[in-house]
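Here's the structure we're looking at; comments come further down.
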Amino acid sequence: MSPVTFNGGLRMNNLKIIFLTGGMFLFGSLTHAQPEPLDVAALSIARQVLTAGAAMVALGDDVGVAGQFVADGELVTKTLKSSAPPEILIYRGEEQLRNWFKVVQGLRGFAVVNSVEYARLVAPDLLYITGTLDLTSPDLKTTRLPFSQIRVQQGEMWKIINYQIIFSGG
């Protein structure tokens with residue numbers, strides 16, 4: 001049986017190849033995510049608030065760090081351990097946050113750097129940030145902690161609604 005030909009001599013086998021190739025190109029261009037444009041405003045805000053937060057941590061200002069949260073803000077800590085399931089703890093509200101952030105007093109004298117990896121204004125007053133917190137002790141041991149934050153603008157301030165940080169070790 002010979003292939004079916006169309007006007008101009010185009011054979012069905014060639015037509016199949018054209019459709020398959022064109023379909024793969026079209027499907028490939030639709031499924032490959034295009035890089036999201038840089039959100040310059042979000043990056044600027046994120047760098048400002050994270051730099052201020054890092055300075056508070058370096059000074060051991062636990063009250064200032066806890067004060068970056070909204071009244072019903074939430075801190076989620078996830079501790080990864082090699083021989084056990086991760087431990088996830090949630091601290092909610094001013095009292096629990098103030099108590100947890102007392103740990104910051106022990107970081108006085110550390111070099112503290114917050115690095116923004118991604119920032120996006122989800123809405124004009126809602127900011128999403130991911131990054132890393134680098135804590136370098138006076139004896140030059142660095143601990144790198146990945147985190148994510150959701151912040152809401154209240155007046156001139158960007159307060160934390162939710163802060164998730166990951167500790168690993170042991």
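Residues are named by chain letter and number: chains run A, B, ... in the order of the structure tokens, numbers start at 1 in each chain, and ligands are numbered from 1 in the order shown.
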
Taking only C-alpha atoms into account, produce a table as a tab-separated table in which each residue of segment 102-138 of chain A with an atom at most 9 Å from an atom of segment 49-60 of chain A appears once, together with its shortest atom pair and the distance in Å to one decimal, ordered by chain and rising number.
residue	atom	partner	partner_atom	distance
A:Lys102	CA	A:Gly60	CA	8.5
A:Val103	CA	A:Gly60	CA	8.5
A:Val104	CA	A:Gly60	CA	5.1
A:Gln105	CA	A:Gly60	CA	4.1
A:Gly106	CA	A:Gly60	CA	6.7
A:Leu107	CA	A:Gly60	CA	5.8
A:Arg108	CA	A:Gly60	CA	4.5
A:Gly109	CA	A:Ala58	CA	6.0
A:Phe110	CA	A:Ala58	CA	5.7
A:Ala111	CA	A:Ala58	CA	6.3
A:Val112	CA	A:Ala54	CA	5.5
A:Val113	CA	A:Ala54	CA	6.0
A:Asn114	CA	A:Leu50	CA	5.8
A:Ser115	CA	A:Leu50	CA	7.7
A:Val116	CA	A:Leu50	CA	8.0
A:Leu133	CA	A:Ala54	CA	8.3
A:Leu135	CA	A:Ala58	CA	8.9

Just-selected residues, C-alpha atoms written as a short mmCIF file (atom, residue, chain, number, x, y, z; two decimals), in the first residue's frame:
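Output saved as again_12.cif:
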data_model
loop_
_atom_site.label_atom_id
_atom_site.label_comp_id
_atom_site.auth_asym_id
_atom_site.auth_seq_id
_atom_site.Cartn_x
_atom_site.Cartn_y
_atom_site.Cartn_z
CA LYS A 102 15.51 35.30 73.79
CA VAL A 103 17.97 32.99 72.00
CA VAL A 104 19.07 36.09 70.05
CA GLN A 105 20.74 37.48 73.18
CA GLY A 106 23.30 34.68 72.88
CA LEU A 107 24.19 35.75 69.34
CA ARG A 108 25.63 39.11 70.41
CA GLY A 109 29.03 39.40 68.74
CA PHE A 110 28.16 37.09 65.83
CA ALA A 111 28.45 38.29 62.24
CA VAL A 112 24.93 38.03 60.86
CA VAL A 113 24.05 38.14 57.17
CA ASN A 114 20.61 37.66 55.65
CA SER A 115 20.78 36.91 51.93
CA VAL A 116 17.75 37.30 49.69
CA LEU A 133 20.60 33.45 57.40
CA LEU A 135 25.54 33.23 61.52
#

| query | Please, which residues of segment 49-134 of chain A, numbered as in this document, come out strand (DSSP E) from DSSP, as a PyMOL selection string? | reply | chain A and resi 69-81+84-92+111-123+126-134

Surrounding residues of segment 156-169 of chain A excluding itself and chain neighbours under 6 positions, 9 Å, only C-alpha atoms, as number ranges by chain:
A: 45, 49, 67-82, 125-127, 132-133, 144-150

What would the file look like if the residues just selected were written as a PDB file, in the first residue's frame with N, CA and C atoms?
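Now in result34.pdb:
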ATOM      1  N   ILE A  45      12.822  46.022  49.012  1.00  0.00           N
ATOM      2  CA  ILE A  45      12.166  45.960  50.326  1.00  0.00           C
ATOM      3  C   ILE A  45      12.751  44.813  51.141  1.00  0.00           C
ATOM      4  N   VAL A  49      14.514  45.153  54.885  1.00  0.00           N
ATOM      5  CA  VAL A  49      13.997  44.566  56.124  1.00  0.00           C
ATOM      6  C   VAL A  49      14.918  43.477  56.665  1.00  0.00           C
ATOM      7  N   GLY A  67       9.650  42.057  67.722  1.00  0.00           N
ATOM      8  CA  GLY A  67       8.784  43.165  67.335  1.00  0.00           C
ATOM      9  C   GLY A  67       8.571  43.306  65.840  1.00  0.00           C
ATOM     10  N   GLN A  68       9.310  42.535  65.050  1.00  0.00           N
ATOM     11  CA  GLN A  68       9.115  42.574  63.595  1.00  0.00           C
ATOM     12  C   GLN A  68       7.869  41.805  63.162  1.00  0.00           C
ATOM     13  N   PHE A  69       7.251  41.072  64.083  1.00  0.00           N
ATOM     14  CA  PHE A  69       6.090  40.245  63.761  1.00  0.00           C
ATOM     15  C   PHE A  69       4.788  40.993  64.010  1.00  0.00           C
ATOM     16  N   VAL A  70       3.745  40.637  63.263  1.00  0.00           N
ATOM     17  CA  VAL A  70       2.402  41.111  63.578  1.00  0.00           C
ATOM     18  C   VAL A  70       2.006  40.469  64.911  1.00  0.00           C
ATOM     19  N   ALA A  71       0.984  41.004  65.553  1.00  0.00           N
ATOM     20  CA  ALA A  71       0.588  40.528  66.889  1.00  0.00           C
ATOM     21  C   ALA A  71       0.327  39.024  66.929  1.00  0.00           C
ATOM     22  N   ASP A  72      -0.271  38.472  65.890  1.00  0.00           N
ATOM     23  CA  ASP A  72      -0.554  37.031  65.867  1.00  0.00           C
ATOM     24  C   ASP A  72       0.378  36.297  64.904  1.00  0.00           C
ATOM     25  N   GLY A  73       1.596  36.849  64.728  1.00  0.00           N
ATOM     26  CA  GLY A  73       2.575  36.252  63.822  1.00  0.00           C
ATOM     27  C   GLY A  73       2.999  34.863  64.256  1.00  0.00           C
ATOM     28  N   GLU A  74       3.673  34.183  63.339  1.00  0.00           N
ATOM     29  CA  GLU A  74       4.002  32.776  63.558  1.00  0.00           C
ATOM     30  C   GLU A  74       5.435  32.489  63.116  1.00  0.00           C
ATOM     31  N   LEU A  75       6.160  31.768  63.968  1.00  0.00           N
ATOM     32  CA  LEU A  75       7.493  31.265  63.650  1.00  0.00           C
ATOM     33  C   LEU A  75       7.397  29.751  63.615  1.00  0.00           C
ATOM     34  N   VAL A  76       7.859  29.151  62.517  1.00  0.00           N
ATOM     35  CA  VAL A  76       7.879  27.699  62.382  1.00  0.00           C
ATOM     36  C   VAL A  76       9.336  27.279  62.271  1.00  0.00           C
ATOM     37  N   THR A  77       9.793  26.467  63.217  1.00  0.00           N
ATOM     38  CA  THR A  77      11.155  25.954  63.145  1.00  0.00           C
ATOM     39  C   THR A  77      11.095  24.481  62.758  1.00  0.00           C
ATOM     40  N   LYS A  78      11.971  24.109  61.862  1.00  0.00           N
ATOM     41  CA  LYS A  78      12.060  22.716  61.430  1.00  0.00           C
ATOM     42  C   LYS A  78      13.499  22.286  61.664  1.00  0.00           C
ATOM     43  N   THR A  79      13.671  21.291  62.519  1.00  0.00           N
ATOM     44  CA  THR A  79      14.999  20.786  62.830  1.00  0.00           C
ATOM     45  C   THR A  79      15.168  19.421  62.184  1.00  0.00           C
ATOM     46  N   LEU A  80      16.149  19.328  61.304  1.00  0.00           N
ATOM     47  CA  LEU A  80      16.430  18.069  60.609  1.00  0.00           C
ATOM     48  C   LEU A  80      17.509  17.319  61.373  1.00  0.00           C
ATOM     49  N   LYS A  81      17.233  16.061  61.663  1.00  0.00           N
ATOM     50  CA  LYS A  81      18.193  15.215  62.372  1.00  0.00           C
ATOM     51  C   LYS A  81      18.456  13.991  61.516  1.00  0.00           C
ATOM     52  N   SER A  82      19.702  13.548  61.514  1.00  0.00           N
ATOM     53  CA  SER A  82      20.063  12.444  60.625  1.00  0.00           C
ATOM     54  C   SER A  82      19.368  11.133  60.975  1.00  0.00           C
ATOM     55  N   ASP A 125       0.716  45.047  49.255  1.00  0.00           N
ATOM     56  CA  ASP A 125       1.087  45.088  50.668  1.00  0.00           C
ATOM     57  C   ASP A 125       1.468  43.720  51.235  1.00  0.00           C
ATOM     58  N   LEU A 126       1.807  42.753  50.363  1.00  0.00           N
ATOM     59  CA  LEU A 126       2.149  41.407  50.801  1.00  0.00           C
ATOM     60  C   LEU A 126       3.427  40.953  50.104  1.00  0.00           C
ATOM     61  N   LEU A 127       4.459  40.652  50.892  1.00  0.00           N
ATOM     62  CA  LEU A 127       5.791  40.341  50.380  1.00  0.00           C
ATOM     63  C   LEU A 127       6.181  38.919  50.770  1.00  0.00           C
ATOM     64  N   THR A 132      18.721  32.940  53.016  1.00  0.00           N
ATOM     65  CA  THR A 132      19.517  32.227  54.005  1.00  0.00           C
ATOM     66  C   THR A 132      19.997  33.217  55.060  1.00  0.00           C
ATOM     67  N   LEU A 133      20.056  32.714  56.274  1.00  0.00           N
ATOM     68  CA  LEU A 133      20.601  33.455  57.399  1.00  0.00           C
ATOM     69  C   LEU A 133      21.941  32.819  57.717  1.00  0.00           C
ATOM     70  N   ARG A 144      24.584  28.105  58.322  1.00  0.00           N
ATOM     71  CA  ARG A 144      23.712  28.634  57.260  1.00  0.00           C
ATOM     72  C   ARG A 144      22.323  28.039  57.427  1.00  0.00           C
ATOM     73  N   LEU A 145      21.332  28.929  57.571  1.00  0.00           N
ATOM     74  CA  LEU A 145      19.966  28.497  57.826  1.00  0.00           C
ATOM     75  C   LEU A 145      19.029  29.020  56.735  1.00  0.00           C
ATOM     76  N   PRO A 146      18.443  28.141  55.932  1.00  0.00           N
ATOM     77  CA  PRO A 146      17.470  28.599  54.927  1.00  0.00           C
ATOM     78  C   PRO A 146      16.164  29.016  55.607  1.00  0.00           C
ATOM     79  N   PHE A 147      15.499  30.004  54.998  1.00  0.00           N
ATOM     80  CA  PHE A 147      14.245  30.480  55.575  1.00  0.00           C
ATOM     81  C   PHE A 147      13.317  30.990  54.493  1.00  0.00           C
ATOM     82  N   SER A 148      12.062  31.159  54.889  1.00  0.00           N
ATOM     83  CA  SER A 148      11.084  31.866  54.056  1.00  0.00           C
ATOM     84  C   SER A 148      10.264  32.755  54.987  1.00  0.00           C
ATOM     85  N   GLN A 149       9.809  33.863  54.451  1.00  0.00           N
ATOM     86  CA  GLN A 149       9.005  34.808  55.228  1.00  0.00           C
ATOM     87  C   GLN A 149       7.860  35.326  54.370  1.00  0.00           C
ATOM     88  N   ILE A 150       6.757  35.586  55.040  1.00  0.00           N
ATOM     89  CA  ILE A 150       5.663  36.330  54.424  1.00  0.00           C
ATOM     90  C   ILE A 150       5.477  37.563  55.287  1.00  0.00           C
TER      91      ILE A 150
END
